[in-house]
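Colleague: Attaching a single structure in structure tokens format; questions to follow.
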Amino acid sequence: MSRISGVFALLRAQKRCALIPYITAGDPDPELTVPLMHALVDAGADIIELGVPFSDPMADGPIIQRAGERALAQGVGLRHVLQLVQTFRKNDKTTPVVLMGYANPIEALGIEAFASLASGAGVDGVITVDYPPEEAGQFIQAVKRVGIDPVFLLSPTTPSERCNLILKQASGFIYYVSLRGVTGASNFDIEDVKTQIGIIRSRTELPVGVGFGIRDPEAAAEVAVFADAVIIGSRLVAEVEAAGKDSVRRLAELLRKFRQAVDAVTRQV
Amino acid sequence: MQHYDLPDASGHFGIYGGIFVAETLMQALERLRSEYAFYRNDPEFMAELAFDLKHYVGRPSPIYPATRWSDHLGGARIYLKREDLNHTGAHKINNTVGQALLAKRLGKSRIIAETGAGQHGVASATVAARLGLECVVYMGAEDIKRQESNVYRMRLLGATVVPVTSGSRTLKDALNEAMRDWVANVDQTFYIIGTVAGPHPYPMMVRDFQAVIGKESKIQMQELVGRQPDVLIACVGGGSNAMGLFYPYIENESVRLVGVEAGGEGIDSGRHAASISAGRPGVLHGNRTYLMQDEEGQIIETHSISAGLDYPGVGPEHAWLHDIGRAEYVTVTDDEALAAFHALCQFEGIIPALESSHALAYAARLAPMMSRDKILLVNLSGRGDKDMATVAARSGIKL
């Protein structure tokens with residue numbers, strides 16, 4: 001069982017919802033990435049989602065775009081991100097790390113080389129925003145072979161037949177995009193998300209996480225009632241942007257509020 | 001060459017092309033694919049398109065023998081396909097007219113577009129005005145500075161021009177921003193991509209709409225000189241004018257196809273936009289193709305004197321034609337393009353776009369090496385009015 005499945009199995013037994021914070025690797029400073037990851041775990045993160053900086057982040061809103069630009073300005077690319085994960089693993093052997101990024105840096109490194117380096121570094125899952133399953137055959141095989149879960153997105157616009165195709169390829173968990181838009185947008189409708197999650201659940205045993213546009217602990221709590229995981233990205237990255245060198249303390253403080261809100265709800269799962 | 005019928009059903013030209021986008025857009029692309037598959041064979045749609053091309057765009061565009069310039073250069077005779085004479089002054093409108101008709105049939109109320117030099121933005125704003133559609137054009141802040149007059153034209157036509165300040169602030173970033181808009185407004189919005197790149201079916205669809213250039217050329221060359229040219233030459237940024245000219249000739253292997261990439265300050269300088277000549281395959285903007293990228297797969301900033309060629313990728317079909325050896329890709333520097341720009345002004349009384357000047361510059365290099373009975377057909381893809389400020393500044397003149 002992968003670290004990701006293990007975490008979800010444990011949380012399911014405890015009837016708790018997973019909390020997955022996202023930060024962009026290398027932001028605000030590559031020296032702070034590993035301390036930030038540990039601080040997030042201390043503050044209640046069950047899984048860490050680590051953004052891989054890319055020059056052309058087509059699916060990201062302005063907050064995560066700027067984080068990527070700050071990281072790239074300091075020379076942080078995919079190889080560096082893998083080194084950061086390896087460093088994190090020295091002191092944390094249990095918290096799953098999921099990379100989120102785009103296809104080109106992976107292809108530039110080489111799909112097989114990426115799979116082997118990522119597995120060696122202790123990566124547990126990979127979300128590649130612009131790799132739909134139709135184009136990702138070789139990639140899916142390569143990462144699965146080394147025990148890494150390819151995590152796929154489902155969106156409000158995914159029709160039911162495609163949904164089945166994606167569920168067949170996915171492992172680890174399903175990432176449900178709560179809105180039509182880029183990361184950090186703010187127009188999601190909780191009732192609509194709830195209905196969609198119900199439909200996805202009827203088709204898969206995989207845990208279902210919800211992300212994009214969850215801006216405050218209250219929204220996280222609403223989602224935690226029915227989802228297996230709540231993913232918080234832009235809100236945290238905005239905090240890093242504002243806090244700069246003080247990010248470690250302030251991010252932990254902020255994530256604790258999300259943790260409390262998520263744990264306080266009565267779940268209907 | 002055997003029958004050429006690419007892309008395949010999933011949008012691939014060999015290993016190139018495909019669909020590499022966020023999940024939210026997959027359904028919109030599938031719908032576009034199936035609707036376009038229907039309309040490209042629908043007589044009513046094709047008749048409406050033909051009417052618009054004739055009466056609104058002003059097609060067919062003539063082919064003109066550049067006699068005095070050819071005499072001056074010596075060697076092969078140069079003919080120009082005059083896309084600069086189209087309404088709005090470039091080939092871009094062939095495509096926007098087609099996509100706008102499709103947008104209307106798909107019931108979309110809003111169109112978005114990206115633009116580099118502004119020609120595609122103007123062509124999109126133009127068709128939007130005509131059909132009464134809302135139009136938003138994304139343009140790099142850097143390009144807005146170099147192409148002020150086109151920005152004003154778009155505004156006159158009722159479009160909203162949104163400056164893009166992320167990344168390198170040029171065409172690639174405008175494309176990213178247009179994609180983000182599309183993800184957020186996918187239900188009511190039609191994205192008119194301006195070149196033969198992007199996710200399937202765009203490379204095929206834009207090629208089909210631009211293929212009118214090559215189809216007309218075949219007929220016109222036969223009428224004018226009784227045979228087909230020996231070489232076709234066109235500039236390649238994303239590659240839509242080149243693909244439009246080349247496509248109907250692909251199976252006719254006696255015709256050489258030459259795509260001219262922007263060599264900027266020279267390939268060795270690193271300041272250029274020659275993705276096929278100096279790049280590597282990768283994934284960007286929804287398709288796999290040759291890209292200008294660093295070792296880590298980050299897209300690198302490109303440079304060209306012409307904003308329309310200043311793009312780090314290239315249409316996937318060009319990547320494929322390159323790999324199979326059916327088309328050749330060469331580079332021309334900023335300085336060579338400028339020299340050709342001035343030559344055409346001087347010898348033929350035609351002010352070409354800086355983009356098209358790259359194709360002209362290669363013709364000027366090639367013609368003297370070929371005999372007088374050979375024929376070069378150059379796609380004069382746009383007129384140079386938009387480039388007045390850039391060219392003047394190069395000569396130390398402030399307009």
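Residues are referred to by chain and number: the chain letter is A, B, ... according to the order shown in the structure tokens, the number counts from 1 in that chain, and ligands are numbered separately from 1 in the order shown.
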Kindly provide, as a PyMOL selection string, the residues of chain B having any atom no farther than 8 Å from an atom of chain A, counting only C-alpha atoms.
Modeller: chain B and resi 18-27+166-167+173+176-177+179-181+183-186+282-286+295-299
Colleague: Compile the contact shell of Phe13 in chain B as a list in words: residues with an atom at most 9 Å away, counting only C-alpha atoms, same-chain residues fewer than 6 positions apart removed.
Modeller: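 That gives Leu6, Pro7, Pro316, Glu317, Ala319, Trp320 and Leu321 of chain B.
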Colleague: So which residues touch Ala363 in chain B within 8 Å, counting only C-alpha atoms, skipping near sequence neighbours fewer than 2 positions away, as a short mmCIF file (atom, residue, chain, number, x, y, z; two decimals) with all heavy atoms, in the first residue's frame?
Modeller:
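The file below, selection06.cif, is the result:
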```cif
data_model
loop_
_atom_site.label_atom_id
_atom_site.label_comp_id
_atom_site.auth_asym_id
_atom_site.auth_seq_id
_atom_site.Cartn_x
_atom_site.Cartn_y
_atom_site.Cartn_z
N ILE B 78 10.85 35.71 -58.73
CA ILE B 78 10.10 35.70 -57.46
C ILE B 78 8.67 36.19 -57.69
O ILE B 78 8.44 37.25 -58.28
CB ILE B 78 10.80 36.60 -56.42
CG1 ILE B 78 12.22 36.08 -56.15
CG2 ILE B 78 9.99 36.67 -55.13
CD1 ILE B 78 13.06 37.00 -55.27
N ILE B 233 8.03 29.66 -50.23
CA ILE B 233 8.74 30.21 -49.07
C ILE B 233 7.76 31.00 -48.21
O ILE B 233 7.01 31.84 -48.72
CB ILE B 233 9.89 31.15 -49.53
CG1 ILE B 233 10.85 30.38 -50.46
CG2 ILE B 233 10.65 31.70 -48.33
CD1 ILE B 233 11.91 31.26 -51.10
N ALA B 359 10.55 35.85 -44.96
CA ALA B 359 10.40 34.99 -46.13
C ALA B 359 11.05 35.65 -47.34
O ALA B 359 11.75 34.99 -48.13
CB ALA B 359 8.92 34.70 -46.39
N LEU B 360 10.85 36.95 -47.47
CA LEU B 360 11.44 37.68 -48.59
C LEU B 360 12.97 37.60 -48.53
O LEU B 360 13.64 37.42 -49.56
CB LEU B 360 11.00 39.15 -48.55
CG LEU B 360 9.51 39.40 -48.78
CD1 LEU B 360 9.13 40.83 -48.38
CD2 LEU B 360 9.14 39.15 -50.25
N ALA B 361 13.52 37.74 -47.33
CA ALA B 361 14.98 37.72 -47.17
C ALA B 361 15.54 36.37 -47.63
O ALA B 361 16.60 36.30 -48.25
CB ALA B 361 15.36 37.99 -45.72
N ARG B 365 18.12 35.42 -50.74
CA ARG B 365 19.34 34.61 -50.59
C ARG B 365 19.36 33.49 -51.62
O ARG B 365 20.39 33.14 -52.19
CB ARG B 365 19.36 34.02 -49.17
CG ARG B 365 20.76 33.66 -48.67
CD ARG B 365 20.68 32.81 -47.40
NE ARG B 365 20.23 33.51 -46.21
CZ ARG B 365 19.91 32.88 -45.07
NH1 ARG B 365 20.00 31.56 -44.99
NH2 ARG B 365 19.51 33.57 -44.03
N LEU B 366 18.18 32.89 -51.85
CA LEU B 366 18.08 31.70 -52.70
C LEU B 366 18.08 32.03 -54.21
O LEU B 366 18.73 31.33 -55.00
CB LEU B 366 16.79 30.95 -52.33
CG LEU B 366 16.61 29.54 -52.85
CD1 LEU B 366 17.72 28.62 -52.35
CD2 LEU B 366 15.24 28.99 -52.43
N ALA B 367 17.36 33.07 -54.58
CA ALA B 367 17.14 33.36 -56.01
C ALA B 367 18.45 33.43 -56.82
O ALA B 367 18.54 32.79 -57.88
CB ALA B 367 16.33 34.65 -56.17
N LEU B 376 10.16 31.04 -57.60
CA LEU B 376 9.95 31.03 -56.15
C LEU B 376 8.62 31.73 -55.87
O LEU B 376 8.38 32.82 -56.39
CB LEU B 376 11.05 31.81 -55.42
CG LEU B 376 12.51 31.52 -55.76
CD1 LEU B 376 13.42 32.36 -54.87
CD2 LEU B 376 12.80 30.04 -55.59
N VAL B 378 6.65 33.39 -52.84
CA VAL B 378 6.78 33.83 -51.45
C VAL B 378 5.42 34.26 -50.92
O VAL B 378 4.70 35.00 -51.59
CB VAL B 378 7.76 35.04 -51.36
CG1 VAL B 378 7.85 35.53 -49.92
CG2 VAL B 378 9.13 34.63 -51.87
#
```
Colleague: So which bits of range 60-260 of chain A end up strand (DSSP E) when you DSSP the backbone, as JSON, numbers by chain?
Modeller: {"A": [97, 98, 99, 100, 101, 125, 126, 127, 128, 149, 150, 151, 152, 153, 154, 174, 175, 176, 177, 208, 209, 210, 211, 229, 230, 231, 232]}
Colleague: Can you write just those residues out, N, CA and C atoms, as an mmCIF file, in the first residue's frame?
Modeller:
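For reference, part.cif as written:
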```
data_model
loop_
_atom_site.group_PDB
_atom_site.id
_atom_site.type_symbol
_atom_site.label_atom_id
_atom_site.label_comp_id
_atom_site.auth_asym_id
_atom_site.auth_seq_id
_atom_site.Cartn_x
_atom_site.Cartn_y
_atom_site.Cartn_z
ATOM 1 N N VAL A 97 4.070 13.009 0.000
ATOM 2 C CA VAL A 97 4.333 14.234 -0.772
ATOM 3 C C VAL A 97 3.842 14.016 -2.200
ATOM 4 N N VAL A 98 2.996 14.944 -2.651
ATOM 5 C CA VAL A 98 2.464 14.883 -4.011
ATOM 6 C C VAL A 98 2.976 16.092 -4.782
ATOM 7 N N LEU A 99 3.631 15.850 -5.909
ATOM 8 C CA LEU A 99 4.092 16.966 -6.740
ATOM 9 C C LEU A 99 2.959 17.418 -7.643
ATOM 10 N N MET A 100 2.858 18.738 -7.831
ATOM 11 C CA MET A 100 1.884 19.245 -8.796
ATOM 12 C C MET A 100 2.621 20.153 -9.769
ATOM 13 N N GLY A 101 2.453 19.864 -11.049
ATOM 14 C CA GLY A 101 3.152 20.687 -12.029
ATOM 15 C C GLY A 101 2.678 20.403 -13.439
ATOM 16 N N GLY A 125 3.105 10.866 -5.012
ATOM 17 C CA GLY A 125 2.094 11.055 -6.059
ATOM 18 C C GLY A 125 2.488 12.211 -6.951
ATOM 19 N N VAL A 126 1.933 12.225 -8.173
ATOM 20 C CA VAL A 126 2.214 13.330 -9.092
ATOM 21 C C VAL A 126 0.928 13.759 -9.792
ATOM 22 N N ILE A 127 0.683 15.070 -9.757
ATOM 23 C CA ILE A 127 -0.422 15.640 -10.525
ATOM 24 C C ILE A 127 0.219 16.426 -11.662
ATOM 25 N N THR A 128 -0.098 16.061 -12.885
ATOM 26 C CA THR A 128 0.447 16.783 -14.036
ATOM 27 C C THR A 128 -0.731 17.409 -14.758
ATOM 28 N N ASP A 149 1.770 7.282 -7.234
ATOM 29 C CA ASP A 149 0.392 7.387 -7.714
ATOM 30 C C ASP A 149 0.239 8.537 -8.704
ATOM 31 N N PRO A 150 -0.266 8.263 -9.922
ATOM 32 C CA PRO A 150 -0.633 9.374 -10.807
ATOM 33 C C PRO A 150 -2.022 9.875 -10.369
ATOM 34 N N VAL A 151 -2.065 11.113 -9.915
ATOM 35 C CA VAL A 151 -3.329 11.670 -9.422
ATOM 36 C C VAL A 151 -3.946 12.501 -10.540
ATOM 37 N N PHE A 152 -5.221 12.272 -10.823
ATOM 38 C CA PHE A 152 -5.870 13.009 -11.918
ATOM 39 C C PHE A 152 -6.953 13.941 -11.410
ATOM 40 N N LEU A 153 -7.192 14.980 -12.201
ATOM 41 C CA LEU A 153 -8.225 15.950 -11.870
ATOM 42 C C LEU A 153 -9.528 15.563 -12.567
ATOM 43 N N LEU A 154 -10.619 15.771 -11.855
ATOM 44 C CA LEU A 154 -11.942 15.733 -12.486
ATOM 45 C C LEU A 154 -12.511 17.129 -12.309
ATOM 46 N N ILE A 174 -8.582 11.071 -5.988
ATOM 47 C CA ILE A 174 -9.103 11.876 -7.088
ATOM 48 C C ILE A 174 -9.118 13.327 -6.625
ATOM 49 N N TYR A 175 -8.685 14.201 -7.501
ATOM 50 C CA TYR A 175 -8.664 15.629 -7.182
ATOM 51 C C TYR A 175 -9.822 16.266 -7.932
ATOM 52 N N TYR A 176 -10.874 16.625 -7.195
ATOM 53 C CA TYR A 176 -12.009 17.261 -7.854
ATOM 54 C C TYR A 176 -11.814 18.782 -7.856
ATOM 55 N N VAL A 177 -11.802 19.352 -9.052
ATOM 56 C CA VAL A 177 -11.652 20.803 -9.213
ATOM 57 C C VAL A 177 -13.020 21.426 -9.003
ATOM 58 N N VAL A 208 -11.769 11.026 -2.494
ATOM 59 C CA VAL A 208 -11.983 12.192 -3.346
ATOM 60 C C VAL A 208 -11.642 13.468 -2.583
ATOM 61 N N GLY A 209 -10.656 14.210 -3.089
ATOM 62 C CA GLY A 209 -10.291 15.493 -2.500
ATOM 63 C C GLY A 209 -10.884 16.622 -3.316
ATOM 64 N N VAL A 210 -11.085 17.768 -2.670
ATOM 65 C CA VAL A 210 -11.645 18.924 -3.369
ATOM 66 C C VAL A 210 -10.680 20.094 -3.232
ATOM 67 N N GLY A 211 -10.405 20.767 -4.341
ATOM 68 C CA GLY A 211 -9.519 21.922 -4.308
ATOM 69 C C GLY A 211 -9.912 22.961 -5.335
ATOM 70 N N ALA A 229 -10.825 14.807 1.356
ATOM 71 C CA ALA A 229 -9.681 15.690 1.563
ATOM 72 C C ALA A 229 -10.043 17.095 1.116
ATOM 73 N N VAL A 230 -9.480 18.049 1.838
ATOM 74 C CA VAL A 230 -9.635 19.448 1.460
ATOM 75 C C VAL A 230 -8.244 19.940 1.062
ATOM 76 N N ILE A 231 -8.147 20.548 -0.110
ATOM 77 C CA ILE A 231 -6.846 21.004 -0.597
ATOM 78 C C ILE A 231 -6.824 22.529 -0.581
ATOM 79 N N ILE A 232 -5.840 23.084 0.126
ATOM 80 C CA ILE A 232 -5.744 24.542 0.263
ATOM 81 C C ILE A 232 -4.469 25.005 -0.435
#
```
Colleague: I want to know what sits within 6 Å of Thr302 in chain B, based on only C-alpha atoms, with residues of the same chain fewer than 2 positions away left out; could you give that as a list in words?
Modeller: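 Within the cut-off, the hits are His272, Ala273 and Asp310 of chain B.
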Colleague: For the selection you just gave me, I'd like the residues written to a file as a compact mmCIF listing (two decimals), in the first residue's frame, keeping N, CA and C atoms.
Modeller:
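See selection.txt below for the written result:
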```
# COMPACT_ATOMS: atom_id res chain seq x y z
N HIS B 272 16.94 34.65 -30.40
CA HIS B 272 16.21 34.35 -31.64
C HIS B 272 14.90 33.66 -31.28
N ALA B 273 14.16 33.24 -32.30
CA ALA B 273 12.89 32.54 -32.05
C ALA B 273 12.76 31.35 -33.01
N ASP B 310 7.77 36.18 -32.64
CA ASP B 310 8.42 36.11 -31.34
C ASP B 310 7.69 35.10 -30.44
```
Colleague: Find the residues near Arg153 in chain B: any atom within 12 Å, counting only C-alpha atoms, skip ones fewer than 3 places away on the same chain, and give them as a list in words.
Modeller: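 Everything that qualifies: Thr88, Gly118, Gln119, His120, Gly121, Val122, Ala123, Ser124, Ala125, Thr126, Ala129, Val137, Ile144, Gln147, Glu148, Ser149, Asn150, Leu156, Leu157, Gly158, Ala159, Thr160, Val161 and Lys386 of chain B.
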Colleague: At what distance in Å, to one decimal, does CA of Ile4 in chain A lie from CA of Val146 in chain A?
Modeller: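 Interatomic distance, CA of Val146 in chain A to CA of Ile4 in chain A: 14.1 Å.
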Colleague: Name the residues in contact with range 249-259 of chain A at a cut-off of 12 Å, using only C-alpha atoms, excluding same-chain residues fewer than 5 positions from it; report them as JSON, numbers by chain.
Modeller: {"A": [16, 17, 18, 19, 20, 21, 22, 23, 32, 33, 35, 36, 37, 38, 39, 40, 41, 42, 43, 44, 45, 46, 48, 214, 215, 216, 217, 218, 219, 220, 221, 222, 223, 224, 229, 230, 231, 232, 233, 235, 236, 237, 238, 239, 240, 241, 242, 243, 244, 264, 265]}
Colleague: Print the selection's residues with N, CA and C atoms to a file, as a compact mmCIF listing (two decimals), in the first residue's frame.
Modeller:
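To be explicit, this is the file written out as selection_16.txt:
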```txt
# COMPACT_ATOMS: atom_id res chain seq x y z
N ARG A 16 -12.03 11.01 9.83
CA ARG A 16 -11.54 12.38 9.69
C ARG A 16 -11.30 12.71 8.22
N CYS A 17 -11.32 14.00 7.94
CA CYS A 17 -11.07 14.47 6.58
C CYS A 17 -9.61 14.88 6.46
N ALA A 18 -8.98 14.49 5.36
CA ALA A 18 -7.57 14.85 5.17
C ALA A 18 -7.44 16.34 4.83
N LEU A 19 -6.35 16.91 5.32
CA LEU A 19 -6.05 18.31 5.01
C LEU A 19 -4.77 18.31 4.17
N ILE A 20 -4.87 18.86 2.96
CA ILE A 20 -3.71 18.86 2.05
C ILE A 20 -3.34 20.30 1.70
N PRO A 21 -2.31 20.84 2.34
CA PRO A 21 -1.84 22.17 1.95
C PRO A 21 -0.94 22.09 0.73
N TYR A 22 -0.99 23.16 -0.08
CA TYR A 22 -0.11 23.29 -1.25
C TYR A 22 0.82 24.46 -1.03
N ILE A 23 2.10 24.26 -1.32
CA ILE A 23 3.02 25.39 -1.44
C ILE A 23 3.84 25.18 -2.71
N LEU A 32 13.74 27.79 2.61
CA LEU A 32 12.59 27.70 3.52
C LEU A 32 11.62 26.58 3.16
N THR A 33 11.81 25.94 2.01
CA THR A 33 10.81 24.96 1.56
C THR A 33 10.70 23.78 2.53
N PRO A 35 11.75 23.51 5.79
CA PRO A 35 11.15 23.96 7.06
C PRO A 35 9.64 24.21 6.95
N LEU A 36 9.20 24.77 5.83
CA LEU A 36 7.76 25.01 5.63
C LEU A 36 7.00 23.69 5.61
N MET A 37 7.56 22.69 4.93
CA MET A 37 6.88 21.39 4.85
C MET A 37 6.74 20.78 6.24
N HIS A 38 7.82 20.81 7.02
CA HIS A 38 7.73 20.25 8.37
C HIS A 38 6.73 21.02 9.23
N ALA A 39 6.74 22.34 9.08
CA ALA A 39 5.83 23.15 9.88
C ALA A 39 4.37 22.85 9.52
N LEU A 40 4.13 22.60 8.24
CA LEU A 40 2.76 22.27 7.81
C LEU A 40 2.33 20.94 8.41
N VAL A 41 3.24 19.99 8.45
CA VAL A 41 2.91 18.69 9.04
C VAL A 41 2.59 18.88 10.53
N ASP A 42 3.44 19.66 11.22
CA ASP A 42 3.19 19.92 12.65
C ASP A 42 1.84 20.58 12.87
N ALA A 43 1.43 21.41 11.91
CA ALA A 43 0.17 22.15 12.06
C ALA A 43 -1.04 21.34 11.60
N GLY A 44 -0.82 20.08 11.20
CA GLY A 44 -1.97 19.24 10.90
C GLY A 44 -2.12 18.77 9.46
N ALA A 45 -1.12 19.00 8.62
CA ALA A 45 -1.22 18.51 7.24
C ALA A 45 -1.12 16.98 7.22
N ASP A 46 -2.00 16.34 6.44
CA ASP A 46 -1.93 14.89 6.30
C ASP A 46 -1.09 14.50 5.09
N ILE A 48 1.34 16.57 1.84
CA ILE A 48 1.84 17.85 1.35
C ILE A 48 1.80 17.85 -0.17
N ILE A 214 -10.84 27.23 -2.28
CA ILE A 214 -11.22 27.12 -0.87
C ILE A 214 -10.38 28.14 -0.09
N ARG A 215 -11.02 29.26 0.24
CA ARG A 215 -10.25 30.43 0.68
C ARG A 215 -10.15 30.62 2.17
N ASP A 216 -11.05 30.01 2.93
CA ASP A 216 -11.00 30.24 4.37
C ASP A 216 -11.44 28.98 5.12
N PRO A 217 -11.17 28.93 6.42
CA PRO A 217 -11.53 27.74 7.21
C PRO A 217 -13.02 27.40 7.11
N GLU A 218 -13.87 28.40 6.98
CA GLU A 218 -15.32 28.14 6.90
C GLU A 218 -15.64 27.33 5.63
N ALA A 219 -15.06 27.75 4.51
CA ALA A 219 -15.30 27.03 3.26
C ALA A 219 -14.72 25.61 3.34
N ALA A 220 -13.55 25.50 3.98
CA ALA A 220 -12.92 24.19 4.13
C ALA A 220 -13.83 23.27 4.94
N ALA A 221 -14.43 23.82 5.99
CA ALA A 221 -15.32 23.03 6.84
C ALA A 221 -16.53 22.55 6.05
N GLU A 222 -17.09 23.43 5.24
CA GLU A 222 -18.26 23.04 4.44
C GLU A 222 -17.92 21.85 3.53
N VAL A 223 -16.72 21.90 2.94
CA VAL A 223 -16.31 20.84 2.03
C VAL A 223 -15.99 19.55 2.81
N ALA A 224 -15.40 19.72 4.00
CA ALA A 224 -14.98 18.57 4.80
C ALA A 224 -16.16 17.69 5.22
N ALA A 229 -10.82 14.81 1.36
CA ALA A 229 -9.68 15.69 1.56
C ALA A 229 -10.04 17.10 1.12
N VAL A 230 -9.48 18.05 1.84
CA VAL A 230 -9.64 19.45 1.46
C VAL A 230 -8.24 19.94 1.06
N ILE A 231 -8.15 20.55 -0.11
CA ILE A 231 -6.85 21.00 -0.60
C ILE A 231 -6.82 22.53 -0.58
N ILE A 232 -5.84 23.08 0.13
CA ILE A 232 -5.74 24.54 0.26
C ILE A 232 -4.47 25.00 -0.43
N GLY A 233 -4.61 25.82 -1.47
CA GLY A 233 -3.44 26.25 -2.23
C GLY A 233 -3.22 27.74 -2.19
N ARG A 235 -4.64 30.33 -1.02
CA ARG A 235 -4.74 31.05 0.25
C ARG A 235 -3.42 30.97 1.02
N LEU A 236 -2.80 29.78 1.00
CA LEU A 236 -1.53 29.61 1.72
C LEU A 236 -0.39 30.32 1.00
N VAL A 237 -0.41 30.22 -0.32
CA VAL A 237 0.66 30.85 -1.10
C VAL A 237 0.60 32.37 -0.95
N ALA A 238 -0.62 32.90 -0.83
CA ALA A 238 -0.77 34.35 -0.60
C ALA A 238 -0.15 34.73 0.74
N GLU A 239 -0.31 33.84 1.72
CA GLU A 239 0.27 34.10 3.05
C GLU A 239 1.80 34.10 2.96
N VAL A 240 2.35 33.17 2.19
CA VAL A 240 3.80 33.13 2.00
C VAL A 240 4.27 34.43 1.35
N GLU A 241 3.51 34.87 0.36
CA GLU A 241 3.87 36.11 -0.34
C GLU A 241 3.89 37.28 0.63
N ALA A 242 2.89 37.32 1.51
CA ALA A 242 2.80 38.45 2.45
C ALA A 242 3.84 38.34 3.56
N ALA A 243 4.14 37.10 3.99
CA ALA A 243 4.98 36.93 5.18
C ALA A 243 6.47 36.88 4.86
N GLY A 244 6.83 36.51 3.63
CA GLY A 244 8.24 36.45 3.26
C GLY A 244 9.03 35.55 4.21
N ALA A 264 -13.78 20.08 13.22
CA ALA A 264 -14.95 20.39 14.04
C ALA A 264 -16.27 19.94 13.42
N VAL A 265 -16.25 19.61 12.11
CA VAL A 265 -17.53 19.29 11.47
C VAL A 265 -17.96 17.85 11.70
```
Colleague: One number please: CA of Ser2 in chain A to CA of Phe212 in chain A, in Å, one decimal.
Modeller: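 Interatomic distance, CA of Ser2 in chain A to CA of Phe212 in chain A: 24.9 Å.
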Colleague: One decimal, Å: what's the distance from CA of Ala234 in chain B over to CA of His3 in chain B, could you say?
Modeller: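 For CA of Ala234 in chain B relative to CA of His3 in chain B, the distance reads 23.2 Å.
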Colleague: Check range 156-185 of chain A with DSSP on the backbone and list each residue it calls helix (DSSP H, G or I), as a PyMOL selection string.
Modeller: chain A and resi 160-169
Colleague: Restricting it to C-alpha atoms, dump the selection as a PDB file, in the first residue's frame.
Modeller:
```pdb
ATOM      1  CA  SER A 160     -19.596  10.821 -17.315  1.00  0.00           C
ATOM      2  CA  GLU A 161     -17.862   8.610 -19.915  1.00  0.00           C
ATOM      3  CA  ARG A 162     -14.597  10.525 -19.534  1.00  0.00           C
ATOM      4  CA  CYS A 163     -14.976  10.296 -15.803  1.00  0.00           C
ATOM      5  CA  ASN A 164     -14.896   6.491 -16.055  1.00  0.00           C
ATOM      6  CA  LEU A 165     -11.842   6.596 -18.306  1.00  0.00           C
ATOM      7  CA  ILE A 166      -9.977   8.805 -15.840  1.00  0.00           C
ATOM      8  CA  LEU A 167     -11.006   6.742 -12.808  1.00  0.00           C
ATOM      9  CA  LYS A 168      -9.577   3.664 -14.502  1.00  0.00           C
ATOM     10  CA  GLN A 169      -6.119   5.294 -14.730  1.00  0.00           C
TER      11      GLN A 169
END
```
Colleague: Report as a ChimeraX atom specification all protein, DNA and RNA residues lying within 10 Å of range 94-109 of chain B, evaluated on only C-alpha atoms, omitting residues in the same chain fewer than 4 positions from it.
Modeller: /B:31-32,35-36,39-40,45-46,48-50,52-53,56-57,59,83,86-87,90,113,120-128,130-135,186-196,202,205-213,240-241,244
